[in-house]
Structures are given as C-alpha cells and as structure tokens.
>>> print(open('start03.txt').read())   # compact mmCIF, C-alpha atoms and all ligand atoms
# COMPACT_ATOMS: atom_id res chain seq x y z
CA MET A 1 -47.34 117.87 -124.05
CA THR A 2 -44.18 117.57 -126.17
CA GLY A 3 -42.62 120.40 -128.13
CA LEU A 4 -44.08 123.17 -125.97
CA LEU A 5 -41.57 125.37 -124.20
CA VAL A 6 -42.86 126.51 -120.82
CA ARG A 7 -40.36 127.60 -118.16
CA ALA A 8 -39.92 129.83 -115.13
CA ALA A 9 -39.80 133.52 -116.11
CA THR A 10 -36.38 135.22 -116.01
CA ASN A 11 -35.02 138.78 -116.26
CA GLU A 12 -34.69 138.29 -120.03
CA ASP A 13 -38.48 138.03 -120.30
CA VAL A 14 -39.42 141.42 -118.84
CA GLU A 15 -40.18 143.18 -122.14
CA GLY A 16 -42.15 140.35 -123.76
CA TRP A 17 -43.98 139.61 -120.53
CA LEU A 18 -44.92 143.29 -120.13
CA ARG A 19 -46.43 143.27 -123.64
CA LEU A 20 -48.48 140.17 -122.82
CA ARG A 21 -49.65 141.71 -119.54
CA LEU A 22 -50.79 144.81 -121.40
CA ALA A 23 -52.70 142.61 -123.85
CA LEU A 24 -54.51 140.86 -120.98
CA TRP A 25 -55.04 144.00 -118.87
CA PRO A 26 -55.11 146.89 -121.39
CA HIS A 27 -55.97 149.48 -118.73
CA GLY A 28 -52.90 148.70 -116.65
CA GLU A 29 -50.09 151.18 -115.98
CA GLU A 30 -46.77 150.18 -117.52
CA ALA A 31 -44.70 151.40 -114.53
CA GLU A 32 -46.88 149.48 -112.08
CA PHE A 33 -46.68 146.38 -114.25
CA LEU A 34 -42.88 146.60 -114.26
CA ASP A 35 -42.92 146.74 -110.44
CA ASP A 36 -45.22 143.69 -110.36
CA ILE A 37 -42.97 141.83 -112.78
CA ARG A 38 -39.84 142.53 -110.70
CA ARG A 39 -41.60 141.35 -107.53
CA LEU A 40 -42.88 138.20 -109.25
CA LEU A 41 -39.38 137.48 -110.57
CA ASP A 42 -37.88 137.95 -107.09
CA ASP A 43 -40.47 135.57 -105.64
CA GLY A 44 -40.23 133.07 -108.53
CA ARG A 45 -43.97 133.14 -109.12
CA ALA A 46 -44.36 133.24 -112.89
CA PHE A 47 -44.00 130.96 -115.88
CA VAL A 48 -43.77 131.87 -119.54
CA ALA A 49 -44.49 130.01 -122.77
CA GLU A 50 -42.09 130.55 -125.65
CA GLU A 51 -42.39 129.79 -129.36
CA ASP A 52 -39.73 130.59 -131.95
CA GLU A 53 -37.89 132.73 -129.40
CA ARG A 54 -40.85 134.95 -128.62
CA LEU A 55 -43.10 134.83 -125.60
CA VAL A 56 -46.62 133.69 -126.36
CA GLY A 57 -48.06 133.30 -122.87
CA PHE A 58 -47.62 133.59 -119.13
CA ALA A 59 -49.04 132.40 -115.83
CA GLU A 60 -48.57 134.31 -112.58
CA PHE A 61 -49.58 133.28 -109.11
CA SER A 62 -49.69 134.49 -105.52
CA LEU A 63 -50.14 132.78 -102.17
CA ARG A 64 -53.52 133.90 -100.85
CA PRO A 65 -54.28 133.52 -97.14
CA TYR A 66 -57.86 132.61 -98.05
CA ALA A 67 -59.40 131.24 -101.24
CA GLU A 68 -63.10 130.45 -101.63
CA GLY A 69 -63.90 126.76 -101.41
CA CYS A 70 -60.40 125.76 -100.32
CA GLU A 71 -59.53 123.77 -97.25
CA SER A 72 -55.97 124.92 -96.67
CA SER A 73 -54.15 128.20 -96.15
CA PRO A 74 -52.24 129.75 -97.78
CA VAL A 75 -53.34 128.67 -101.26
CA PRO A 76 -51.34 129.10 -104.50
CA TYR A 77 -53.69 131.25 -106.58
CA LEU A 78 -53.60 131.77 -110.34
CA GLU A 79 -53.70 135.57 -110.69
CA GLY A 80 -52.92 135.95 -114.39
CA TRP A 81 -53.12 133.42 -117.21
CA TYR A 82 -52.80 134.46 -120.83
CA VAL A 83 -51.89 133.03 -124.23
CA ARG A 84 -51.68 135.19 -127.35
CA PRO A 85 -54.75 134.68 -129.58
CA ASP A 86 -52.62 133.27 -132.43
CA ALA A 87 -51.11 130.63 -130.13
CA ARG A 88 -54.31 129.44 -128.43
CA ARG A 89 -55.81 125.94 -128.45
CA ARG A 90 -52.40 124.35 -128.90
CA GLY A 91 -51.71 123.37 -125.31
CA TYR A 92 -49.75 126.37 -124.02
CA GLY A 93 -52.41 127.29 -121.47
CA ARG A 94 -52.48 123.73 -120.17
CA ALA A 95 -48.66 123.58 -120.00
CA LEU A 96 -48.53 126.88 -118.07
CA VAL A 97 -51.06 125.67 -115.50
CA SER A 98 -49.25 122.36 -115.26
CA ALA A 99 -45.99 124.19 -114.41
CA PHE A 100 -47.87 126.16 -111.74
CA GLU A 101 -49.34 122.95 -110.29
CA SER A 102 -45.93 121.25 -110.26
CA TRP A 103 -44.49 124.22 -108.37
CA ALA A 104 -47.33 123.95 -105.83
CA ARG A 105 -46.90 120.19 -105.40
CA GLU A 106 -43.13 120.53 -104.99
CA HIS A 107 -43.69 123.14 -102.30
CA GLY A 108 -46.03 120.91 -100.31
CA PHE A 109 -49.41 122.37 -101.30
CA ARG A 110 -52.34 120.06 -101.93
CA GLU A 111 -54.72 122.41 -103.75
CA VAL A 112 -54.58 125.46 -106.02
CA ALA A 113 -57.25 128.01 -106.89
CA SER A 114 -58.24 130.58 -109.48
CA ASP A 115 -61.13 132.81 -110.50
CA VAL A 116 -62.79 133.93 -113.72
CA LEU A 117 -65.19 136.77 -114.55
CA LEU A 118 -68.78 135.59 -115.04
CA GLU A 119 -68.80 136.65 -118.69
CA ASN A 120 -65.52 134.89 -119.52
CA THR A 121 -67.09 131.58 -120.47
CA GLU A 122 -64.09 130.54 -122.59
CA SER A 123 -61.77 130.71 -119.61
CA GLN A 124 -64.37 128.90 -117.48
CA GLN A 125 -64.39 126.07 -120.03
CA ALA A 126 -60.61 126.04 -120.12
CA HIS A 127 -60.43 125.85 -116.30
CA GLU A 128 -62.89 122.98 -116.30
CA ALA A 129 -60.96 121.16 -119.03
CA LEU A 130 -57.92 121.40 -116.75
CA GLY A 131 -59.74 119.87 -113.79
CA PHE A 132 -60.71 122.96 -111.81
CA GLN A 133 -64.07 122.63 -110.07
CA GLU A 134 -66.39 125.59 -109.67
CA VAL A 135 -66.92 126.27 -105.96
CA GLU A 136 -68.66 129.65 -105.76
CA ARG A 137 -70.05 132.65 -107.71
CA LEU A 138 -69.41 136.12 -106.33
CA VAL A 139 -70.83 139.56 -107.00
CA VAL A 140 -68.29 142.24 -106.08
CA TYR A 141 -69.50 145.62 -104.79
CA ARG A 142 -68.00 149.05 -104.27
CA LYS A 143 -69.51 152.07 -102.52
CA GLU A 144 -68.02 155.53 -102.77
CA LEU A 145 -67.92 157.20 -99.35
CA THR A 146 -69.31 160.72 -99.30
CA ARG A 147 -68.12 163.21 -96.69
CA GLU A 148 -70.33 163.29 -93.60
C1 LIG B 201 -57.57 130.78 -121.14
C2 LIG B 201 -56.33 130.68 -122.05
C3 LIG B 201 -55.09 131.08 -121.25
C4 LIG B 201 -56.19 129.22 -122.53
O1 LIG B 201 -55.00 129.13 -123.28
P1 LIG B 201 -54.80 128.03 -124.45
O2 LIG B 201 -53.36 128.00 -124.80
O3 LIG B 201 -55.76 128.27 -125.54
O4 LIG B 201 -55.20 126.71 -123.66
P2 LIG B 201 -54.94 125.19 -124.14
O5 LIG B 201 -54.82 125.11 -125.62
O6 LIG B 201 -53.84 124.61 -123.34
O7 LIG B 201 -56.29 124.52 -123.68
C5 LIG B 201 -56.45 124.01 -122.38
C6 LIG B 201 -57.79 123.32 -122.28
O8 LIG B 201 -58.83 124.30 -122.24
C7 LIG B 201 -59.74 124.10 -123.31
N1 LIG B 201 -60.04 125.40 -123.90
C8 LIG B 201 -59.16 126.38 -124.19
N2 LIG B 201 -59.79 127.43 -124.75
C9 LIG B 201 -61.10 127.09 -124.79
C10 LIG B 201 -62.25 127.75 -125.28
N3 LIG B 201 -62.18 128.95 -125.85
N4 LIG B 201 -63.42 127.11 -125.19
C11 LIG B 201 -63.51 125.86 -124.65
N5 LIG B 201 -62.44 125.18 -124.18
C12 LIG B 201 -61.26 125.78 -124.25
C13 LIG B 201 -59.02 123.26 -124.32
O9 LIG B 201 -59.91 122.47 -125.04
C14 LIG B 201 -58.06 122.44 -123.49
O10 LIG B 201 -58.64 121.27 -123.04
P3 LIG B 201 -58.25 119.86 -123.74
O11 LIG B 201 -56.75 119.79 -123.63
O12 LIG B 201 -58.97 118.89 -122.90
O13 LIG B 201 -58.70 119.99 -125.14
C15 LIG B 201 -56.50 131.59 -123.30
O14 LIG B 201 -57.72 131.27 -123.93
C16 LIG B 201 -56.49 133.08 -122.98
O15 LIG B 201 -55.42 133.69 -122.86
N6 LIG B 201 -57.68 133.67 -122.85
C17 LIG B 201 -57.79 135.13 -122.63
C18 LIG B 201 -57.32 135.52 -121.26
C19 LIG B 201 -58.08 134.84 -120.16
O16 LIG B 201 -59.28 134.72 -120.20
N7 LIG B 201 -57.32 134.39 -119.16
C20 LIG B 201 -57.86 133.75 -117.99
C21 LIG B 201 -58.38 134.79 -117.07
S1 LIG B 201 -59.06 133.98 -115.68
>>> encode(input="start03.txt", output="structure tokens")
Amino acid sequence: MTGLLVRAATNEDVEGWLRLRLALWPHGEEAEFLDDIRRLLDDGRAFVAEEDERLVGFAEFSLRPYAEGCESSPVPYLEGWYVRPDARRRGYGRALVSAFESWAREHGFREVASDVLLENTESQQAHEALGFQEVERLVVYRKELTRE
C-alpha cells in the first residue's frame, strides 16, 4: 500500500509505543511494558506505523517453540497488533503484518502464527482478510492451588 509509513521500531518510539500498548492492554503495568519494549527493541521484534509524525499502530512478535497448527519450530508469532481507532480501516494493520511477514521470510521462516480471543470477531475477520487460516479453538483454564 502506498503512502503508509510502517518501519522497524526504534528508541525514538518508546513513548508513543508505550501509549499504544496501554490502549491495547489497559491493565498493563507501565514499568513492565517499558522492560518489554526495551527487550523487543534489542531483539528487533517490533514494527510501528506512523502518520503525521505520530505513532498510530504497532506489531510485536516473538519466536514461539510451539504454535498450534504449525508444522515448524520455532514459529514467528504475532503477540501484539494494534492500530488507533481513528486510523483503522486504512491499511495500517495490513502493512504492519506485511512487515512482520517480510521479516519472517527474510529470516528463513515459512509460516507465521497468531491468536485472537473468541469474542474479538473484528480481529478474526482482519486476520482472515490477511490470509491467516483458523487452525484451532482453545479454552484456557486456571486453578488456584489451596494449601494441603
Ligand atoms: C485488528 C487491527 C489491528 C486492524 O487494523 P486496521 O488498520 O484497521 O487494518 P487494515 O485497515 O489494514 O485492514 C486489514 C484487513 O482486515 C480487514 N478488517 C479490518 N478491520 C476489520 C473489521 N473490524 N471487520 C472486518 N474486517 C476488518 C480489512 O477489511 C482489511 O482487509 P482488506 O484489505 O481485504 O479490505 C485493528 O482493528 C485493531 O487495533 N483492533 C483492536 C486491537 C486488536 O484486536 N488487535 C488484535 C489482537 S489479536
């Protein structure tokens, strides 16, 4: 897509990226997020979308040893993908995922993976529009351990 600025995240992006992270994950701790951001910057595993010199979106990924439905290991895994509401449906999300896929291809990977909460049907539709195929549905459990 022309005219969209998507690039690897840099040290200059920390503040704007932190704000976007807090918008996506409002219950997150700022100090922990800053640690995550520094680690992602060191590893080169994040892209940002910029419009009129402000950040409007980001994509972050990890290398997971196992990803449901995948045939290879490790797998580049989309861990965070966000575009500000006022910048949506204009191709930024697609451009961010495309940058992630290019990184994966250039590093010799042949598949990438992601997940979405069951209720997040918009993101499911966006994933499908970008060529992701649903491979599994999971229910995640937790059990508090009482003292014996
Ligand atoms: C998911 C998200 C990042 C998409 O960003 P975006 O900039 O709007 O995406 P794009 O404009 O590049 O759209 C990409 C494709 O997804 C489709 N799409 C995007 N939002 C959609 C929606 N709400 N409903 C249906 N399709 C949608 C678009 O039609 C487009 O396909 P097309 O190019 O074939 O038309 C954005 O909606 C968002 O930040 N959502 C809230 C956070 C979130 O759910 N993140 C993902 C967690 S897994």
>>> axis_aligned_box(input="start03.txt", around="range 64-77 of chain A", padding_each_side="8 Å", output="AutoDock Vina command-line options")
--center_x -57.6 --center_y 128.8 --center_z -101.4 --size_x 28.6 --size_y 26.1 --size_z 26.4
>>> residues_near_ligand(input="start03.txt", ligand="ligand LIG 201 (chain B)", cutoff="7 Å", atoms="only C-alpha atoms and all ligand atoms", output="mmCIF file with C-alpha atoms, in the coordinates of the input")
data_model
loop_
_atom_site.group_PDB
_atom_site.id
_atom_site.type_symbol
_atom_site.label_atom_id
_atom_site.label_comp_id
_atom_site.auth_asym_id
_atom_site.auth_seq_id
_atom_site.Cartn_x
_atom_site.Cartn_y
_atom_site.Cartn_z
ATOM 1 C CA LEU A 24 -54.510 140.860 -120.980
ATOM 2 C CA GLY A 80 -52.920 135.950 -114.390
ATOM 3 C CA TRP A 81 -53.120 133.420 -117.210
ATOM 4 C CA TYR A 82 -52.800 134.460 -120.830
ATOM 5 C CA VAL A 83 -51.890 133.030 -124.230
ATOM 6 C CA ARG A 84 -51.680 135.190 -127.350
ATOM 7 C CA PRO A 85 -54.750 134.680 -129.580
ATOM 8 C CA ALA A 87 -51.110 130.630 -130.130
ATOM 9 C CA ARG A 88 -54.310 129.440 -128.430
ATOM 10 C CA ARG A 89 -55.810 125.940 -128.450
ATOM 11 C CA ARG A 90 -52.400 124.350 -128.900
ATOM 12 C CA GLY A 91 -51.710 123.370 -125.310
ATOM 13 C CA TYR A 92 -49.750 126.370 -124.020
ATOM 14 C CA GLY A 93 -52.410 127.290 -121.470
ATOM 15 C CA ARG A 94 -52.480 123.730 -120.170
ATOM 16 C CA ALA A 95 -48.660 123.580 -120.000
ATOM 17 C CA ASP A 115 -61.130 132.810 -110.500
ATOM 18 C CA VAL A 116 -62.790 133.930 -113.720
ATOM 19 C CA LEU A 117 -65.190 136.770 -114.550
ATOM 20 C CA ASN A 120 -65.520 134.890 -119.520
ATOM 21 C CA GLU A 122 -64.090 130.540 -122.590
ATOM 22 C CA SER A 123 -61.770 130.710 -119.610
ATOM 23 C CA GLN A 125 -64.390 126.070 -120.030
ATOM 24 C CA ALA A 126 -60.610 126.040 -120.120
ATOM 25 C CA HIS A 127 -60.430 125.850 -116.300
ATOM 26 C CA ALA A 129 -60.960 121.160 -119.030
ATOM 27 C CA LEU A 130 -57.920 121.400 -116.750
#
>>> closest_residue(input="start03.txt", among="A:Val140, A:Ala113, A:Leu145, A:Ala23", to="Ser72 in chain A", atoms="only C-alpha atoms")
A:Ala113
>>> atom_distance(input="start03.txt", atom1="CA of Asp42 in chain A", atom2="CA of Gly69 in chain A")
28.9 Å
>>> closest_residue(input="start03.txt", among="A:Val112, A:Leu118, A:Leu5, A:Val48", to="Glu136 in chain A", atoms="only C-alpha atoms")
A:Leu118
>>> residues_near_point(input="start03.txt", point="(-43.3, 136.6, -126.6)", cutoff="9 Å", atoms="only C-alpha atoms", output="ChimeraX atom specification")
/A:13,15-17,19-20,48-57,84
>>> residues_around(input="start03.txt", residues="Pro74 in chain A", least_positions_apart="2", cutoff="9 Å", atoms="all atoms listed in the file", output="PyMOL selection string")
chain A and resi 63-67+72+76+109
>>> atom_distance(input="start03.txt", atom1="CA of Val6 in chain A", atom2="CA of Leu96 in chain A")
6.3 Å
>>> atom_distance(input="start03.txt", atom1="CA of Glu79 in chain A", atom2="CA of Asp36 in chain A")
11.7 Å
>>> closest_residue(input="start03.txt", among="A:Val135, A:Leu41, A:Cys70, A:Ala99", to="Glu111 in chain A", atoms="only C-alpha atoms")
A:Cys70
>>> residues_around(input="start03.txt", residues="Ala8 in chain A", least_positions_apart="5", cutoff="8 Å", atoms="all atoms listed in the file", output="list of chain:residue names")
A:Gly44, A:Arg45, A:Ala46, A:Phe47, A:Val48
>>> closest_residue(input="start03.txt", among="A:Tyr77, A:Phe132, A:Tyr141, A:Phe100", to="Arg7 in chain A", atoms="all atoms listed in the file")
A:Phe100
>>> residues_around(input="start03.txt", residues="Ile37 in chain A", least_positions_apart="3", cutoff="8 Å", atoms="only C-alpha atoms", output="mmCIF file with C-alpha atoms, in the frame of the given file")
data_model
loop_
_atom_site.group_PDB
_atom_site.id
_atom_site.type_symbol
_atom_site.label_atom_id
_atom_site.label_comp_id
_atom_site.auth_asym_id
_atom_site.auth_seq_id
_atom_site.Cartn_x
_atom_site.Cartn_y
_atom_site.Cartn_z
ATOM 1 C CA VAL A 14 -39.420 141.420 -118.840
ATOM 2 C CA LEU A 18 -44.920 143.290 -120.130
ATOM 3 C CA PHE A 33 -46.680 146.380 -114.250
ATOM 4 C CA LEU A 34 -42.880 146.600 -114.260
ATOM 5 C CA LEU A 40 -42.880 138.200 -109.250
ATOM 6 C CA LEU A 41 -39.380 137.480 -110.570
#
>>> decode(input="start03.txt", residues="range 57-103 of chain A", atoms="N, CA and C atoms", output="PDB file, in the first residue's frame")
ATOM      1  N   GLY A  57       0.134   2.889  15.278  1.00  0.00           N
ATOM      2  CA  GLY A  57      -0.040   1.450  15.424  1.00  0.00           C
ATOM      3  C   GLY A  57       1.280   0.748  15.645  1.00  0.00           C
ATOM      4  N   PHE A  58       1.183  -0.512  16.081  1.00  0.00           N
ATOM      5  CA  PHE A  58       2.380  -1.327  16.246  1.00  0.00           C
ATOM      6  C   PHE A  58       2.050  -2.800  16.034  1.00  0.00           C
ATOM      7  N   ALA A  59       3.096  -3.557  15.746  1.00  0.00           N
ATOM      8  CA  ALA A  59       3.005  -5.027  15.726  1.00  0.00           C
ATOM      9  C   ALA A  59       4.257  -5.544  16.415  1.00  0.00           C
ATOM     10  N   GLU A  60       4.062  -6.497  17.327  1.00  0.00           N
ATOM     11  CA  GLU A  60       5.178  -7.099  18.056  1.00  0.00           C
ATOM     12  C   GLU A  60       5.107  -8.602  17.858  1.00  0.00           C
ATOM     13  N   PHE A  61       6.265  -9.233  17.837  1.00  0.00           N
ATOM     14  CA  PHE A  61       6.236 -10.686  17.687  1.00  0.00           C
ATOM     15  C   PHE A  61       7.305 -11.348  18.536  1.00  0.00           C
ATOM     16  N   SER A  62       7.113 -12.659  18.734  1.00  0.00           N
ATOM     17  CA  SER A  62       8.106 -13.469  19.436  1.00  0.00           C
ATOM     18  C   SER A  62       8.424 -14.664  18.543  1.00  0.00           C
ATOM     19  N   LEU A  63       9.359 -15.487  18.976  1.00  0.00           N
ATOM     20  CA  LEU A  63       9.576 -16.780  18.321  1.00  0.00           C
ATOM     21  C   LEU A  63       9.119 -17.830  19.316  1.00  0.00           C
ATOM     22  N   ARG A  64       7.982 -18.471  19.022  1.00  0.00           N
ATOM     23  CA  ARG A  64       7.472 -19.485  19.953  1.00  0.00           C
ATOM     24  C   ARG A  64       7.994 -20.863  19.549  1.00  0.00           C
ATOM     25  N   PRO A  65       8.402 -21.661  20.553  1.00  0.00           N
ATOM     26  CA  PRO A  65       8.871 -23.005  20.223  1.00  0.00           C
ATOM     27  C   PRO A  65       7.757 -23.879  19.648  1.00  0.00           C
ATOM     28  N   TYR A  66       6.509 -23.582  20.043  1.00  0.00           N
ATOM     29  CA  TYR A  66       5.384 -24.366  19.530  1.00  0.00           C
ATOM     30  C   TYR A  66       4.224 -23.414  19.247  1.00  0.00           C
ATOM     31  N   ALA A  67       3.577 -23.593  18.125  1.00  0.00           N
ATOM     32  CA  ALA A  67       2.353 -22.825  17.836  1.00  0.00           C
ATOM     33  C   ALA A  67       1.332 -23.781  17.249  1.00  0.00           C
ATOM     34  N   GLU A  68       0.117 -23.738  17.777  1.00  0.00           N
ATOM     35  CA  GLU A  68      -0.954 -24.643  17.352  1.00  0.00           C
ATOM     36  C   GLU A  68      -1.101 -24.637  15.827  1.00  0.00           C
ATOM     37  N   GLY A  69      -1.204 -25.812  15.268  1.00  0.00           N
ATOM     38  CA  GLY A  69      -1.481 -25.931  13.834  1.00  0.00           C
ATOM     39  C   GLY A  69      -0.274 -25.721  12.941  1.00  0.00           C
ATOM     40  N   CYS A  70       0.877 -25.388  13.522  1.00  0.00           N
ATOM     41  CA  CYS A  70       2.053 -25.110  12.686  1.00  0.00           C
ATOM     42  C   CYS A  70       2.902 -26.364  12.520  1.00  0.00           C
ATOM     43  N   GLU A  71       3.688 -26.338  11.445  1.00  0.00           N
ATOM     44  CA  GLU A  71       4.475 -27.527  11.120  1.00  0.00           C
ATOM     45  C   GLU A  71       5.945 -27.352  11.431  1.00  0.00           C
ATOM     46  N   SER A  72       6.346 -26.130  11.778  1.00  0.00           N
ATOM     47  CA  SER A  72       7.767 -25.878  12.004  1.00  0.00           C
ATOM     48  C   SER A  72       7.975 -25.329  13.411  1.00  0.00           C
ATOM     49  N   SER A  73       9.223 -25.258  13.818  1.00  0.00           N
ATOM     50  CA  SER A  73       9.553 -24.719  15.137  1.00  0.00           C
ATOM     51  C   SER A  73      10.971 -24.144  15.071  1.00  0.00           C
ATOM     52  N   PRO A  74      11.222 -22.963  15.613  1.00  0.00           N
ATOM     53  CA  PRO A  74      10.245 -22.064  16.224  1.00  0.00           C
ATOM     54  C   PRO A  74       9.390 -21.364  15.165  1.00  0.00           C
ATOM     55  N   VAL A  75       8.341 -20.695  15.635  1.00  0.00           N
ATOM     56  CA  VAL A  75       7.426 -20.002  14.728  1.00  0.00           C
ATOM     57  C   VAL A  75       7.332 -18.515  15.116  1.00  0.00           C
ATOM     58  N   PRO A  76       7.553 -17.606  14.165  1.00  0.00           N
ATOM     59  CA  PRO A  76       7.313 -16.182  14.455  1.00  0.00           C
ATOM     60  C   PRO A  76       5.822 -15.983  14.788  1.00  0.00           C
ATOM     61  N   TYR A  77       5.558 -15.391  15.948  1.00  0.00           N
ATOM     62  CA  TYR A  77       4.197 -15.353  16.477  1.00  0.00           C
ATOM     63  C   TYR A  77       3.799 -13.913  16.774  1.00  0.00           C
ATOM     64  N   LEU A  78       2.687 -13.491  16.200  1.00  0.00           N
ATOM     65  CA  LEU A  78       2.211 -12.112  16.392  1.00  0.00           C
ATOM     66  C   LEU A  78       1.629 -11.987  17.807  1.00  0.00           C
ATOM     67  N   GLU A  79       2.331 -11.270  18.673  1.00  0.00           N
ATOM     68  CA  GLU A  79       1.913 -11.194  20.078  1.00  0.00           C
ATOM     69  C   GLU A  79       1.073  -9.948  20.368  1.00  0.00           C
ATOM     70  N   GLY A  80       1.287  -8.899  19.596  1.00  0.00           N
ATOM     71  CA  GLY A  80       0.536  -7.660  19.808  1.00  0.00           C
ATOM     72  C   GLY A  80       0.348  -6.974  18.464  1.00  0.00           C
ATOM     73  N   TRP A  81      -0.887  -6.545  18.189  1.00  0.00           N
ATOM     74  CA  TRP A  81      -1.170  -5.911  16.902  1.00  0.00           C
ATOM     75  C   TRP A  81      -2.249  -4.873  17.184  1.00  0.00           C
ATOM     76  N   TYR A  82      -1.937  -3.623  16.942  1.00  0.00           N
ATOM     77  CA  TYR A  82      -2.885  -2.574  17.332  1.00  0.00           C
ATOM     78  C   TYR A  82      -2.768  -1.368  16.402  1.00  0.00           C
ATOM     79  N   VAL A  83      -3.920  -0.819  16.048  1.00  0.00           N
ATOM     80  CA  VAL A  83      -3.981   0.448  15.305  1.00  0.00           C
ATOM     81  C   VAL A  83      -4.986   1.337  16.022  1.00  0.00           C
ATOM     82  N   ARG A  84      -4.620   2.584  16.243  1.00  0.00           N
ATOM     83  CA  ARG A  84      -5.535   3.521  16.926  1.00  0.00           C
ATOM     84  C   ARG A  84      -6.892   3.541  16.226  1.00  0.00           C
ATOM     85  N   PRO A  85      -7.985   3.638  17.009  1.00  0.00           N
ATOM     86  CA  PRO A  85      -9.313   3.600  16.371  1.00  0.00           C
ATOM     87  C   PRO A  85      -9.461   4.612  15.231  1.00  0.00           C
ATOM     88  N   ASP A  86      -8.889   5.818  15.385  1.00  0.00           N
ATOM     89  CA  ASP A  86      -9.089   6.836  14.342  1.00  0.00           C
ATOM     90  C   ASP A  86      -8.236   6.596  13.097  1.00  0.00           C
ATOM     91  N   ALA A  87      -7.388   5.568  13.138  1.00  0.00           N
ATOM     92  CA  ALA A  87      -6.557   5.278  11.955  1.00  0.00           C
ATOM     93  C   ALA A  87      -6.899   3.924  11.341  1.00  0.00           C
ATOM     94  N   ARG A  88      -7.963   3.292  11.835  1.00  0.00           N
ATOM     95  CA  ARG A  88      -8.292   1.941  11.353  1.00  0.00           C
ATOM     96  C   ARG A  88      -8.930   1.939   9.970  1.00  0.00           C
ATOM     97  N   ARG A  89      -8.928   0.775   9.367  1.00  0.00           N
ATOM     98  CA  ARG A  89      -9.542   0.506   8.060  1.00  0.00           C
ATOM     99  C   ARG A  89      -8.900   1.338   6.961  1.00  0.00           C
ATOM    100  N   ARG A  90      -7.638   1.697   7.146  1.00  0.00           N
ATOM    101  CA  ARG A  90      -6.921   2.431   6.102  1.00  0.00           C
ATOM    102  C   ARG A  90      -5.635   1.725   5.695  1.00  0.00           C
ATOM    103  N   GLY A  91      -5.508   0.463   6.116  1.00  0.00           N
ATOM    104  CA  GLY A  91      -4.376  -0.326   5.630  1.00  0.00           C
ATOM    105  C   GLY A  91      -3.176  -0.407   6.566  1.00  0.00           C
ATOM    106  N   TYR A  92      -3.209   0.298   7.686  1.00  0.00           N
ATOM    107  CA  TYR A  92      -2.044   0.224   8.586  1.00  0.00           C
ATOM    108  C   TYR A  92      -1.863  -1.180   9.167  1.00  0.00           C
ATOM    109  N   GLY A  93      -2.974  -1.799   9.567  1.00  0.00           N
ATOM    110  CA  GLY A  93      -2.877  -3.141  10.140  1.00  0.00           C
ATOM    111  C   GLY A  93      -2.266  -4.104   9.132  1.00  0.00           C
ATOM    112  N   ARG A  94      -2.731  -4.037   7.916  1.00  0.00           N
ATOM    113  CA  ARG A  94      -2.203  -4.899   6.854  1.00  0.00           C
ATOM    114  C   ARG A  94      -0.714  -4.631   6.648  1.00  0.00           C
ATOM    115  N   ALA A  95      -0.326  -3.347   6.613  1.00  0.00           N
ATOM    116  CA  ALA A  95       1.084  -3.006   6.364  1.00  0.00           C
ATOM    117  C   ALA A  95       1.978  -3.491   7.518  1.00  0.00           C
ATOM    118  N   LEU A  96       1.462  -3.437   8.747  1.00  0.00           N
ATOM    119  CA  LEU A  96       2.241  -3.918   9.898  1.00  0.00           C
ATOM    120  C   LEU A  96       2.460  -5.428   9.797  1.00  0.00           C
ATOM    121  N   VAL A  97       1.404  -6.155   9.457  1.00  0.00           N
ATOM    122  CA  VAL A  97       1.536  -7.613   9.346  1.00  0.00           C
ATOM    123  C   VAL A  97       2.434  -7.979   8.165  1.00  0.00           C
ATOM    124  N   SER A  98       2.343  -7.183   7.113  1.00  0.00           N
ATOM    125  CA  SER A  98       3.195  -7.440   5.955  1.00  0.00           C
ATOM    126  C   SER A  98       4.682  -7.252   6.316  1.00  0.00           C
ATOM    127  N   ALA A  99       4.991  -6.246   7.145  1.00  0.00           N
ATOM    128  CA  ALA A  99       6.381  -6.038   7.579  1.00  0.00           C
ATOM    129  C   ALA A  99       6.843  -7.234   8.422  1.00  0.00           C
ATOM    130  N   PHE A 100       5.961  -7.717   9.279  1.00  0.00           N
ATOM    131  CA  PHE A 100       6.260  -8.895  10.107  1.00  0.00           C
ATOM    132  C   PHE A 100       6.524 -10.120   9.206  1.00  0.00           C
ATOM    133  N   GLU A 101       5.676 -10.315   8.209  1.00  0.00           N
ATOM    134  CA  GLU A 101       5.846 -11.463   7.316  1.00  0.00           C
ATOM    135  C   GLU A 101       7.147 -11.350   6.518  1.00  0.00           C
ATOM    136  N   SER A 102       7.463 -10.135   6.089  1.00  0.00           N
ATOM    137  CA  SER A 102       8.721  -9.957   5.331  1.00  0.00           C
ATOM    138  C   SER A 102       9.908 -10.310   6.210  1.00  0.00           C
ATOM    139  N   TRP A 103       9.860  -9.855   7.472  1.00  0.00           N
ATOM    140  CA  TRP A 103      10.951 -10.192   8.400  1.00  0.00           C
ATOM    141  C   TRP A 103      11.081 -11.714   8.481  1.00  0.00           C
TER     142      TRP A 103
END
